[in-house]
Number of protein chains: 2
Amino acid sequence: MSLLVTGSFGIDTVETPFGKRDDVIGGSAVYFSYAASFFTHVRLIGAVGEDCPRDLLKVFDGRDIDTSGLEIRKGSKTFRWHGSYVENMNEAVTVEVDLNVLAERAPKIPEQFLDSKYVFLANTHPALQQQMLASMKDPRLVIADTMNLWISTERHELVKLLGKIHGLVLNDGEARLLTEKKNLIEAAKDVLKLGPKFVVIKKGEHGSMLVSDRDVFVLPAFPAEKVVDPTGAGDSFAGGMMGYLATQGSFNPATIKRAMAFGTVVASHTIADFSLGGLQAINREAIDDRWHAFKQAMSF
Amino acid sequence: MSLLVTGSFGIDTVETPFGKRDDVIGGSAVYFSYAASFFTHVRLIGAVGEDCPRDLLKVFDGRDIDTSGLEIRKGSKTFRWHGSYVENMNEAVTVEVDLNVLAERAPKIPEQFLDSKYVFLANTHPALQQQMLASMKDPRLVIADTMNLWISTERHELVKLLGKIHGLVLNDGEARLLTEKKNLIEAAKDVLKLGPKFVVIKKGEHGSMLVSDRDVFVLPAFPAEKVVDPTGAGDSFAGGMMGYLATQGSFNPATIKRAMAFGTVVASHTIADFSLGGLQAINREAIDDRWHAFKQAMSF
């Protein structure tokens, strides 16, 4: 089933204890779509500026990703992010950020994408997320991501969005900020009251947690000895998770658990190299092998 | 099989967002032994001062714990700790600590305890840990705990201890301090080079990790909505884990995994109330029920 994703395309500069990479491809939609494309056909929506080197976009060559929703906007500049994990591999310090095209109008959704059944609204202004969602004809599963900025500055629009989606993905700090609850289960349950059927809380190196009306499920991260660059881990997790869900046609708790494990495994490959290098080095078979190893390791 | 534990007995004053308790029983050996006694017979070694209210020691009444190794030392004072979790439920701030009897000579191990097959050396000076271990006749499984203080000030003695034990239990910060490795798997593998066959790293609300030559196993904490007082969670985890191991007679990786899950479940009860209240409210059946629920919830 087709999975539509909207989110950011970026030109990143990243520093970690393992080195520095200048002007590599990044952005939530890039990591998400690459990760999801191991599982299903992906329809990509986003915008870059005319400064974006065409070479960077070659990462999509040969992938099961329809890039016809990727707008190269004249007179605009591509989103740029410069982050450093040198001091702390679990949290990036933003050295510099230029929103550029991200601060402009939302990209247009091509007509032929409007029938998508699975929709992932990556992190952007919650009013834009609602606007994009409103144009979709009959989505079966809508999951959104958000971030601190919108929780702090656009709570009203965010709450409206939460009333319209099935699942919310966010990190632990964001869940606490949104609900003012320190305990993550309490926080997630407060989010459920705002509309979503389930909440997935990403805890970085500490894994993830699923909370629904009926379930609390916790999953550790895949134990990775080689962490070179954590950029994109959360988006890869979401992409792997939702890519798998789109192949299943259902989203009961057991399916979501398996999907989270796929997301976990995909993210464990992302962090093994800079930018998309970790994902470019693997195929679906490598994901399945690690998924089975993870499942085996987690059973007791 | 008999499980010997040496460690601290304390009179605690604890503050958390849920209130304050003055002069309640605490200490590593107290939590450990109570937790382990759900599974097996426990032999307890420790010392309190003559100031220790006899009422506090009544917690052992009716438990399968031999307290004949508990010395009430004349002229000495009981170890006291005053901690606060008001600002951060994941890390206590020590308001005041008086080592008292803990700073004196080690308690004597009764002759009839020297044949114990399972030995847990709770956190104390590594030279004392070695001394107690040396007096044991033929232990089959020896696990030790340690802390920042000894890693920083008695590294030489600690390294000697590590050459003599089967397993080390320590928390994430301690593992990083001991090995100067940030990645916990790398840190644990460095510890293995010093002697232990396996290392269990406790990560508080983020669960625990087992690393041996052959295995890396990660286990999240039981998702607890009600965390009233985290004091003793780590010692209860170790007690539940080793109590179960003592009933199995083997310690292959699969057995240790199951044991860690029992430790996780016992600790989840500890933190639901102040002091030993959480453990006093349950029985073995409640532990088994939650263990099965946890096992079920963790499978995907």
# chains A, B, ... in the order shown; residues from 1 in each chain; ligands from 1

call {"tool": "interface_residues", "arguments": {"of": "chain B", "to": "chain A", "cutoff": "10 Å", "atoms": "only C-alpha atoms", "output": "PyMOL selection string"}}
result
chain B and resi 88-89+182-187+203+205-209+215-227+253-261+294-300

call {"tool": "select_by_dssp", "arguments": {"residues": "range 114-236 of chain B", "states": "strand (DSSP E)", "output": "PyMOL selection string"}}
result
chain B and resi 118-121+141-145+167-171+198-202+208-212+216-219

call {"tool": "atom_distance", "arguments": {"atom1": "CA of Leu70 in chain A", "atom2": "CA of Val48 in chain A"}}
result
7.6 Å

call {"tool": "residues_around", "arguments": {"residues": "Phe38 in chain B", "least_positions_apart": "4", "cutoff": "10 Å", "atoms": "only C-alpha atoms", "output": "list in words"}}
result
Ser33, Tyr34, Val42, Arg63, Asp64, Ile65, Gly239, Gly240, Gly243, Tyr244, Val266, Leu279, Ile282, Asn283, Arg284, Glu285 and Ile287 of chain B

call {"tool": "closest_residue", "arguments": {"among": "B:Thr78, B:Ser84, B:Ser2, B:Ser37", "to": "Val59 in chain B", "atoms": "only C-alpha atoms"}}
result
B:Ser37

call {"tool": "select_by_dssp", "arguments": {"residues": "range 89-258 of chain A", "states": "helix (DSSP H, G or I)", "output": "PyMOL selection string"}}
result
chain A and resi 100-103+111-113+126-135+148-153+155-162+172-179+184-192+204-206+233-248+253-258

call {"tool": "write_last_selection", "arguments": {"atoms": "C-alpha atoms", "output": "PDB file, in the first residue's frame"}}
result
ATOM      1  CA  ASN A 100      14.990  28.680   4.260  1.00  0.00           C
ATOM      2  CA  VAL A 101      12.367  26.911   2.120  1.00  0.00           C
ATOM      3  CA  LEU A 102      10.840  25.276   5.206  1.00  0.00           C
ATOM      4  CA  ALA A 103       9.700  28.689   6.399  1.00  0.00           C
ATOM      5  CA  GLU A 111      -3.214  14.944  -7.481  1.00  0.00           C
ATOM      6  CA  GLN A 112      -2.179  11.327  -7.953  1.00  0.00           C
ATOM      7  CA  PHE A 113      -0.988  11.155  -4.314  1.00  0.00           C
ATOM      8  CA  PRO A 126       0.914  21.737  12.937  1.00  0.00           C
ATOM      9  CA  ALA A 127      -1.304  24.043  10.863  1.00  0.00           C
ATOM     10  CA  LEU A 128       0.530  22.859   7.740  1.00  0.00           C
ATOM     11  CA  GLN A 129       0.201  19.269   8.901  1.00  0.00           C
ATOM     12  CA  GLN A 130      -3.560  19.750   9.212  1.00  0.00           C
ATOM     13  CA  GLN A 131      -3.740  21.458   5.842  1.00  0.00           C
ATOM     14  CA  MET A 132      -1.945  18.562   4.123  1.00  0.00           C
ATOM     15  CA  LEU A 133      -4.066  16.008   5.938  1.00  0.00           C
ATOM     16  CA  ALA A 134      -7.280  17.806   4.973  1.00  0.00           C
ATOM     17  CA  SER A 135      -6.487  17.390   1.293  1.00  0.00           C
ATOM     18  CA  ASN A 148       9.472  21.140  21.052  1.00  0.00           C
ATOM     19  CA  LEU A 149       9.104  24.308  19.011  1.00  0.00           C
ATOM     20  CA  TRP A 150       5.466  23.623  18.069  1.00  0.00           C
ATOM     21  CA  ILE A 151       4.572  22.323  21.506  1.00  0.00           C
ATOM     22  CA  SER A 152       5.794  25.574  23.005  1.00  0.00           C
ATOM     23  CA  THR A 153       4.553  28.030  20.405  1.00  0.00           C
ATOM     24  CA  ARG A 155      -0.061  24.253  21.205  1.00  0.00           C
ATOM     25  CA  HIS A 156      -3.555  25.195  20.063  1.00  0.00           C
ATOM     26  CA  GLU A 157      -2.929  24.062  16.463  1.00  0.00           C
ATOM     27  CA  LEU A 158      -1.113  20.977  17.674  1.00  0.00           C
ATOM     28  CA  VAL A 159      -4.052  19.955  19.862  1.00  0.00           C
ATOM     29  CA  LYS A 160      -6.350  20.389  16.866  1.00  0.00           C
ATOM     30  CA  LEU A 161      -4.052  18.130  14.822  1.00  0.00           C
ATOM     31  CA  LEU A 162      -4.062  15.478  17.574  1.00  0.00           C
ATOM     32  CA  ASP A 172      10.523  11.572  25.622  1.00  0.00           C
ATOM     33  CA  GLY A 173      11.381  15.213  26.233  1.00  0.00           C
ATOM     34  CA  GLU A 174       8.619  16.325  23.894  1.00  0.00           C
ATOM     35  CA  ALA A 175       6.063  14.065  25.585  1.00  0.00           C
ATOM     36  CA  ARG A 176       6.964  15.594  28.938  1.00  0.00           C
ATOM     37  CA  LEU A 177       6.832  19.112  27.552  1.00  0.00           C
ATOM     38  CA  LEU A 178       3.443  18.542  25.936  1.00  0.00           C
ATOM     39  CA  THR A 179       1.787  17.056  29.011  1.00  0.00           C
ATOM     40  CA  LEU A 184       6.192   8.702  30.358  1.00  0.00           C
ATOM     41  CA  ILE A 185       3.208   6.368  30.698  1.00  0.00           C
ATOM     42  CA  GLU A 186       1.201   9.092  32.377  1.00  0.00           C
ATOM     43  CA  ALA A 187       2.380  11.525  29.717  1.00  0.00           C
ATOM     44  CA  ALA A 188       1.360   9.181  26.906  1.00  0.00           C
ATOM     45  CA  LYS A 189      -2.048   8.588  28.465  1.00  0.00           C
ATOM     46  CA  ASP A 190      -2.605  12.324  28.596  1.00  0.00           C
ATOM     47  CA  VAL A 191      -1.780  12.503  24.883  1.00  0.00           C
ATOM     48  CA  LEU A 192      -4.333   9.759  24.191  1.00  0.00           C
ATOM     49  CA  GLY A 204      16.991   7.399  21.684  1.00  0.00           C
ATOM     50  CA  GLU A 205      19.549   4.908  22.937  1.00  0.00           C
ATOM     51  CA  HIS A 206      16.964   3.697  25.450  1.00  0.00           C
ATOM     52  CA  ALA A 233      17.713   7.647  13.877  1.00  0.00           C
ATOM     53  CA  GLY A 234      14.262   8.797  14.978  1.00  0.00           C
ATOM     54  CA  ASP A 235      13.049   9.386  11.409  1.00  0.00           C
ATOM     55  CA  SER A 236      14.474   6.042  10.277  1.00  0.00           C
ATOM     56  CA  PHE A 237      12.695   4.373  13.186  1.00  0.00           C
ATOM     57  CA  ALA A 238       9.416   5.972  12.144  1.00  0.00           C
ATOM     58  CA  GLY A 239      10.050   5.091   8.494  1.00  0.00           C
ATOM     59  CA  GLY A 240      10.806   1.449   9.223  1.00  0.00           C
ATOM     60  CA  MET A 241       7.826   1.229  11.544  1.00  0.00           C
ATOM     61  CA  MET A 242       5.351   2.799   9.186  1.00  0.00           C
ATOM     62  CA  GLY A 243       6.815   1.123   6.112  1.00  0.00           C
ATOM     63  CA  TYR A 244       6.109  -2.223   7.731  1.00  0.00           C
ATOM     64  CA  LEU A 245       2.627  -1.144   8.920  1.00  0.00           C
ATOM     65  CA  ALA A 246       1.728  -0.149   5.363  1.00  0.00           C
ATOM     66  CA  THR A 247       2.377  -3.739   4.253  1.00  0.00           C
ATOM     67  CA  GLN A 248       0.136  -5.187   6.935  1.00  0.00           C
ATOM     68  CA  PRO A 253      -1.126  -3.692  19.013  1.00  0.00           C
ATOM     69  CA  ALA A 254       0.682  -6.904  17.957  1.00  0.00           C
ATOM     70  CA  THR A 255       1.310  -5.492  14.487  1.00  0.00           C
ATOM     71  CA  ILE A 256       2.513  -2.173  15.876  1.00  0.00           C
ATOM     72  CA  LYS A 257       4.945  -4.037  18.174  1.00  0.00           C
ATOM     73  CA  ARG A 258       6.463  -5.898  15.248  1.00  0.00           C
TER      74      ARG A 258
END

call {"tool": "atom_distance", "arguments": {"atom1": "CA of Thr13 in chain A", "atom2": "CA of Cys52 in chain A"}}
result
14.0 Å

call {"tool": "residues_around", "arguments": {"residues": "Gly232 in chain A", "least_positions_apart": "3", "cutoff": "10 Å", "atoms": "only C-alpha atoms", "output": "number ranges by chain"}}
result
A: 26-32, 35, 229, 235-238, 267, 270-271, 274-276
